[in-house]
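Structure below is protein_31.csv: CSV, C-alpha atoms.
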chain,number,residue,atom,x,y,z
A,1,MET,CA,215.7,126.8,-22.9
A,2,ASN,CA,218.3,125.3,-20.6
A,3,THR,CA,217.9,121.6,-20.4
A,4,THR,CA,221.2,120.8,-18.6
A,5,ALA,CA,220.7,117.9,-16.2
A,6,ASN,CA,221.8,118.5,-12.6
A,7,LEU,CA,223.5,116.2,-10.1
A,8,LEU,CA,223.1,117.5,-6.5
A,9,PHE,CA,226.0,116.5,-4.2
A,10,ILE,CA,225.0,116.8,-0.6
A,11,ASP,CA,228.3,116.9,1.3
A,12,ALA,CA,227.8,116.0,4.9
A,13,THR,CA,231.5,115.6,5.7
A,14,VAL,CA,232.8,117.6,8.7
A,15,ARG,CA,236.5,117.2,8.5
A,16,SER,CA,238.5,119.1,5.8
A,17,HIS,CA,238.6,117.6,2.4
A,18,THR,CA,242.3,116.8,2.8
A,19,VAL,CA,241.5,114.5,5.7
A,20,SER,CA,238.0,113.2,5.0
A,21,ARG,CA,238.0,109.7,3.4
A,22,THR,CA,234.3,110.0,2.7
A,23,TRP,CA,235.2,113.1,0.6
A,24,GLN,CA,237.9,111.2,-1.2
A,25,LEU,CA,235.5,108.5,-2.3
A,26,CYS,CA,232.9,111.1,-3.3
A,27,SER,CA,235.5,113.0,-5.3
A,28,GLU,CA,236.4,110.0,-7.3
A,29,TYR,CA,232.7,109.3,-7.9
A,30,LEU,CA,232.2,112.9,-9.2
A,31,LYS,CA,235.2,112.8,-11.4
A,32,THR,CA,234.0,109.5,-13.0
A,33,PHE,CA,230.5,110.8,-13.3
A,34,LYS,CA,231.6,114.1,-14.9
A,35,ASN,CA,233.8,112.3,-17.4
A,36,GLN,CA,230.8,110.1,-18.4
A,37,HIS,CA,228.3,113.1,-18.4
A,38,PRO,CA,230.3,116.2,-19.3
A,39,LEU,CA,227.2,118.3,-19.9
A,40,TRP,CA,225.7,117.7,-16.5
A,41,ASN,CA,225.9,120.5,-13.9
A,42,ILE,CA,227.1,119.4,-10.4
A,43,GLN,CA,225.7,121.4,-7.5
A,44,HIS,CA,227.8,121.0,-4.4
A,45,LEU,CA,226.3,121.7,-0.9
A,46,LYS,CA,228.8,121.6,1.9
A,47,LEU,CA,226.3,121.3,4.8
A,48,ILE,CA,228.7,122.1,7.6
A,49,ASP,CA,229.2,125.6,6.1
A,50,MET,CA,225.5,126.4,5.6
A,51,SER,CA,224.6,127.3,9.2
A,52,LEU,CA,221.7,124.9,9.3
A,53,GLN,CA,219.8,124.9,12.6
A,54,PRO,CA,216.9,122.9,14.0
A,55,LYS,CA,213.5,124.5,13.4
A,56,THR,CA,211.9,126.4,16.3
A,57,GLU,CA,208.2,126.4,16.9
A,58,GLU,CA,207.9,129.9,15.5
A,59,GLN,CA,209.6,128.8,12.3
A,60,LEU,CA,207.4,125.7,11.9
A,61,ILE,CA,204.3,127.8,12.2
A,62,GLN,CA,205.6,130.2,9.6
A,63,ILE,CA,206.5,127.3,7.2
A,64,GLU,CA,203.1,125.8,7.6
A,65,GLN,CA,201.5,129.1,6.8
A,66,LEU,CA,203.6,129.7,3.7
A,67,LEU,CA,202.9,126.2,2.4
A,68,ALA,CA,199.2,126.6,3.0
A,69,GLU,CA,199.3,129.8,1.0
A,70,LYS,CA,201.3,128.0,-1.7
A,71,LYS,CA,204.2,130.4,-1.4
A,72,ILE,CA,206.8,127.8,-2.3
A,73,GLN,CA,209.2,130.3,-3.9
A,74,GLU,CA,210.1,131.8,-0.5
A,75,PRO,CA,213.8,131.6,0.3
A,76,CYS,CA,213.2,129.2,3.2
A,77,PHE,CA,212.2,126.5,0.7
A,78,ALA,CA,215.3,126.9,-1.6
A,79,TYR,CA,216.9,123.6,-0.4
A,80,ALA,CA,213.7,121.7,-0.9
A,81,ARG,CA,213.2,123.2,-4.4
A,82,ASP,CA,216.8,122.3,-5.4
A,83,PHE,CA,216.4,118.7,-4.1
A,84,ALA,CA,213.1,118.2,-5.9
A,85,ALA,CA,214.6,119.5,-9.2
A,86,ALA,CA,217.8,117.4,-9.1
A,87,ASP,CA,218.1,114.7,-11.7
A,88,ARG,CA,220.5,112.6,-9.6
A,89,ILE,CA,221.7,112.9,-6.0
A,90,LEU,CA,224.9,111.9,-4.2
A,91,ILE,CA,225.1,112.1,-0.4
A,92,GLY,CA,228.5,111.7,1.2
A,93,ALA,CA,228.4,111.3,5.0
A,94,PRO,CA,230.9,109.8,7.5
A,95,TYR,CA,229.7,106.9,9.7
A,96,TRP,CA,229.1,108.4,13.1
A,97,ASP,CA,227.4,106.5,15.9
A,98,PHE,CA,225.7,103.9,13.6
A,99,SER,CA,224.4,106.8,11.5
A,100,PHE,CA,225.7,110.2,10.2
A,101,PRO,CA,226.5,113.7,11.5
A,102,ALA,CA,223.5,115.6,12.8
A,103,VAL,CA,223.8,118.3,10.1
A,104,LEU,CA,222.5,115.8,7.6
A,105,LYS,CA,219.3,115.2,9.6
A,106,ILE,CA,218.8,118.9,9.9
A,107,TYR,CA,219.2,119.2,6.1
A,108,ILE,CA,216.6,116.4,5.5
A,109,GLU,CA,214.2,118.3,7.7
A,110,ASN,CA,214.7,121.3,5.5
A,111,ILE,CA,213.9,119.5,2.3
A,112,CYS,CA,210.9,117.4,3.4
A,113,MET,CA,208.3,119.9,2.5
A,114,ASN,CA,204.7,119.1,1.7
A,115,SER,CA,203.8,120.3,-1.8
A,116,ILE,CA,207.5,120.7,-2.8
A,117,THR,CA,209.2,117.3,-2.4
A,118,PHE,CA,206.2,115.3,-1.6
A,119,THR,CA,202.4,115.4,-1.3
A,120,TYR,CA,199.6,113.2,-0.1
A,121,GLU,CA,197.1,111.3,-2.2
A,122,ASN,CA,194.4,109.2,-0.5
A,123,ASP,CA,196.2,109.8,2.8
A,124,GLN,CA,199.4,108.2,1.4
A,125,PRO,CA,202.6,110.1,0.7
A,126,LYS,CA,203.5,110.6,-2.9
A,127,GLY,CA,207.0,111.8,-3.8
A,128,LEU,CA,207.5,114.8,-6.1
A,129,CYS,CA,211.2,114.6,-6.6
A,130,ARG,CA,212.6,114.3,-10.1
A,131,ALA,CA,215.7,112.3,-9.4
A,132,SER,CA,215.7,108.7,-10.6
A,133,ARG,CA,218.6,107.7,-8.4
A,134,LEU,CA,220.3,108.5,-5.1
A,135,ASP,CA,223.7,107.2,-4.1
A,136,TYR,CA,225.0,107.3,-0.5
A,137,ILE,CA,228.7,107.0,0.3
A,138,SER,CA,230.2,106.6,3.8
A,139,THR,CA,233.4,105.5,5.5
A,140,ALA,CA,234.1,104.2,9.0
A,141,GLY,CA,237.3,103.8,11.0
A,142,GLY,CA,235.8,100.8,12.9
A,143,CYS,CA,233.8,97.8,12.0
A,144,THR,CA,230.2,98.5,11.3
A,145,SER,CA,229.1,94.8,11.6
A,146,GLY,CA,226.6,95.4,8.9
A,147,ILE,CA,224.7,98.1,10.9
A,148,ASP,CA,224.3,101.2,8.8
A,149,LEU,CA,221.3,103.1,10.1
A,150,GLY,CA,222.4,106.2,8.2
A,151,SER,CA,222.0,104.8,4.7
A,152,GLU,CA,218.9,102.8,5.8
A,153,TYR,CA,217.2,106.0,7.0
A,154,ILE,CA,218.1,108.0,3.9
A,155,CYS,CA,216.9,105.3,1.5
A,156,LYS,CA,213.6,104.9,3.5
A,157,VAL,CA,212.9,108.6,3.4
A,158,CYS,CA,213.9,109.0,-0.2
A,159,SER,CA,212.0,106.0,-1.5
A,160,GLY,CA,209.0,106.0,0.9
A,161,LEU,CA,208.4,109.7,1.1
A,162,LEU,CA,210.2,111.6,-1.7
A,163,GLY,CA,209.6,109.3,-4.6
A,164,ILE,CA,213.2,108.4,-5.5
A,165,LYS,CA,212.9,104.7,-6.3
A,166,GLN,CA,216.5,103.7,-6.7
A,167,CYS,CA,218.8,104.2,-3.7
A,168,THR,CA,222.2,102.6,-3.4
A,169,SER,CA,224.8,102.8,-0.7
A,170,LEU,CA,228.5,102.2,-0.3
A,171,ILE,CA,230.3,102.0,3.0
A,172,VAL,CA,234.0,101.4,3.5
A,173,ASP,CA,234.8,100.4,7.0
A,174,ARG,CA,237.6,99.0,9.3
A,175,LEU,CA,239.9,101.8,8.1
A,176,ASP,CA,241.5,102.5,11.5
A,177,ILE,CA,241.5,99.0,12.9
A,178,GLU,CA,244.9,97.7,13.8
A,179,GLY,CA,246.2,95.4,11.1
A,180,SER,CA,243.9,96.7,8.4
A,181,ASN,CA,245.5,97.6,5.1
A,182,THR,CA,243.9,101.0,4.9
A,183,ALA,CA,245.4,101.9,1.5
A,184,ALA,CA,244.0,98.7,-0.1
A,185,LEU,CA,240.6,99.2,1.5
A,186,MET,CA,240.4,102.8,0.2
A,187,GLN,CA,241.6,101.7,-3.2
A,188,ASP,CA,238.8,99.1,-3.3
A,189,GLY,CA,236.3,101.7,-2.1
A,190,ILE,CA,237.4,104.1,-4.9
A,191,ARG,CA,236.9,101.4,-7.5
A,192,LYS,CA,233.4,100.7,-6.1
A,193,ALA,CA,232.5,104.5,-6.0
A,194,GLN,CA,233.6,104.8,-9.6
A,195,GLU,CA,231.5,101.8,-10.6
A,196,MET,CA,228.5,103.4,-8.8
A,197,ALA,CA,229.0,106.6,-10.7
A,198,LEU,CA,228.7,104.7,-14.0
A,199,GLN,CA,225.4,103.1,-13.2
Would you encode the structure as structure tokens?
Amino acid sequence: MNTTANLLFIDATVRSHTVSRTWQLCSEYLKTFKNQHPLWNIQHLKLIDMSLQPKTEEQLIQIEQLLAEKKIQEPCFAYARDFAAADRILIGAPYWDFSFPAVLKIYIENICMNSITFTYENDQPKGLCRASRLDYISTAGGCTSGIDLGSEYICKVCSGLLGIKQCTSLIVDRLDIEGSNTAALMQDGIRKAQEMALQ
């Protein structure tokens, strides 16, 4: 019986890994985590390469029918099954327009599936996800002024709907503001990402 624990890395970066500073922080997180947990499997989903598309009405009808028939092993539910089965989750997403790239929202719509990642009891949602913790990492060129609707949304969905009680976030901003010491900001961000991985 394979009992290897699984960390699911949801990579919502859009720029190449050689450019993306969000990826740099996530990479340091993953290195630290792997050193601490060498037997864990790390599953990497690069969302921008997955051809995710918003659901059409026809697809929604099909999904509802399959769920009603309890056919949760169908390929269209693969992302939801993987998310529900993960023991820990890392999301890396750049800070775009107070939030995150649209591809991450489309992914969330693909994993929020009744009877796979959540259910209802007494008309209230009950999460079915295994993960005990979700970490969210982001970077911004400008100043966020404390407004991070992306991490707020992710944490609300994961704790309120999917049952993941511990959700933490890290955002490193002001990276492109004139006069900023970008290297020092990134180094501090790397340190914080590494500390997050050890928690």
Exercise. Determine the nearest neighbour of Met50 in chain A from the options A:Gln65, A:Tyr29, A:Ile72, A:Tyr79, counting all atoms listed in the file.
Key: A:Tyr79
Practice problem: To one decimal in Å, tell me the separation between CA of Thr56 in chain A and CA of Pro101 in chain A. | Solution: 19.9 Å
Self-check item: Separation of CA of Glu195 in chain A from CA of Ile89 in chain A in Å
Solution: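 It comes out at 15.5 Å.
For the set A:Ser145, A:Asn6, A:Ser20, A:Gln73, the residue with the smallest atom-to-atom gap to Asn41 in chain A is A:Asn6, counting all atoms listed in the file.
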Exercise. Identify the residues around (227.5, 115.9, -8.3) within a radius of 8 Å, measuring from only C-alpha atoms in the coordinates stated by the file, and give them as a list in words.
Key: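 Answer for this query, in the requested form: Asn6, Leu7, Leu8, Phe9, Leu30, Phe33, Lys34, Asn41, Ile42, Gln43, His44, Arg88, Ile89 and Leu90 of chain A.
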Quiz item: Using only C-alpha atoms, which of A:Leu52, A:Ile147, A:Val172, A:Cys155 sits nearest Gln187 in chain A?
Solution: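 Ranking A:Leu52, A:Ile147, A:Val172, A:Cys155 by distance to Gln187 in chain A, first place goes to A:Val172.
Computed from the coordinates, the CA of Ala78 in chain A to CA of Asn110 in chain A distance equals 9.1 Å.
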Quiz item: Which of these, A:Ile154, A:Leu162, A:Gln62, A:Gly146, has the shortest distance to Pro125 in chain A once you count all atoms listed in the file?
Solution: A:Leu162
Quiz prompt | Spatial neighbours of Ala85 in chain A, 8 Å, only C-alpha atoms, chain gap at least 5 places, as a VMD selection string | solution = chain A and resid 129 to 131
Practice problem: Point out the residue among A:Lys31, A:Arg133, A:His17, A:Lys70 with the least atom-to-atom distance to Gly163 in chain A, counting all atoms listed in the file. | Solution: A:Arg133
Quiz prompt | Residue nearest Thr168 in chain A - candidates A:Thr4, A:Gln194, A:Ser151, A:Thr18, atoms counted: all atoms listed in the file | solution = A:Ser151
Quiz item: Leaving out Gly142 in chain A and any residue of its chain fewer than 5 positions from it, which residues lie within 8 Å of it when counting only C-alpha atoms, given as a list of chain:residue names?
Solution: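 Close residues of Gly142 in chain A: A:Asp173, A:Arg174, A:Leu175, A:Asp176, A:Ile177.
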Quiz item: Which residues, written as a list in words, have at least one atom at most 9 Å from Met113 in chain A, with all atoms listed in the file counted and residues fewer than 4 positions away on the same chain left out?
Solution: Ile63, Leu67, Phe77, Ala80, Glu109, Thr117, Phe118 and Thr119 of chain A
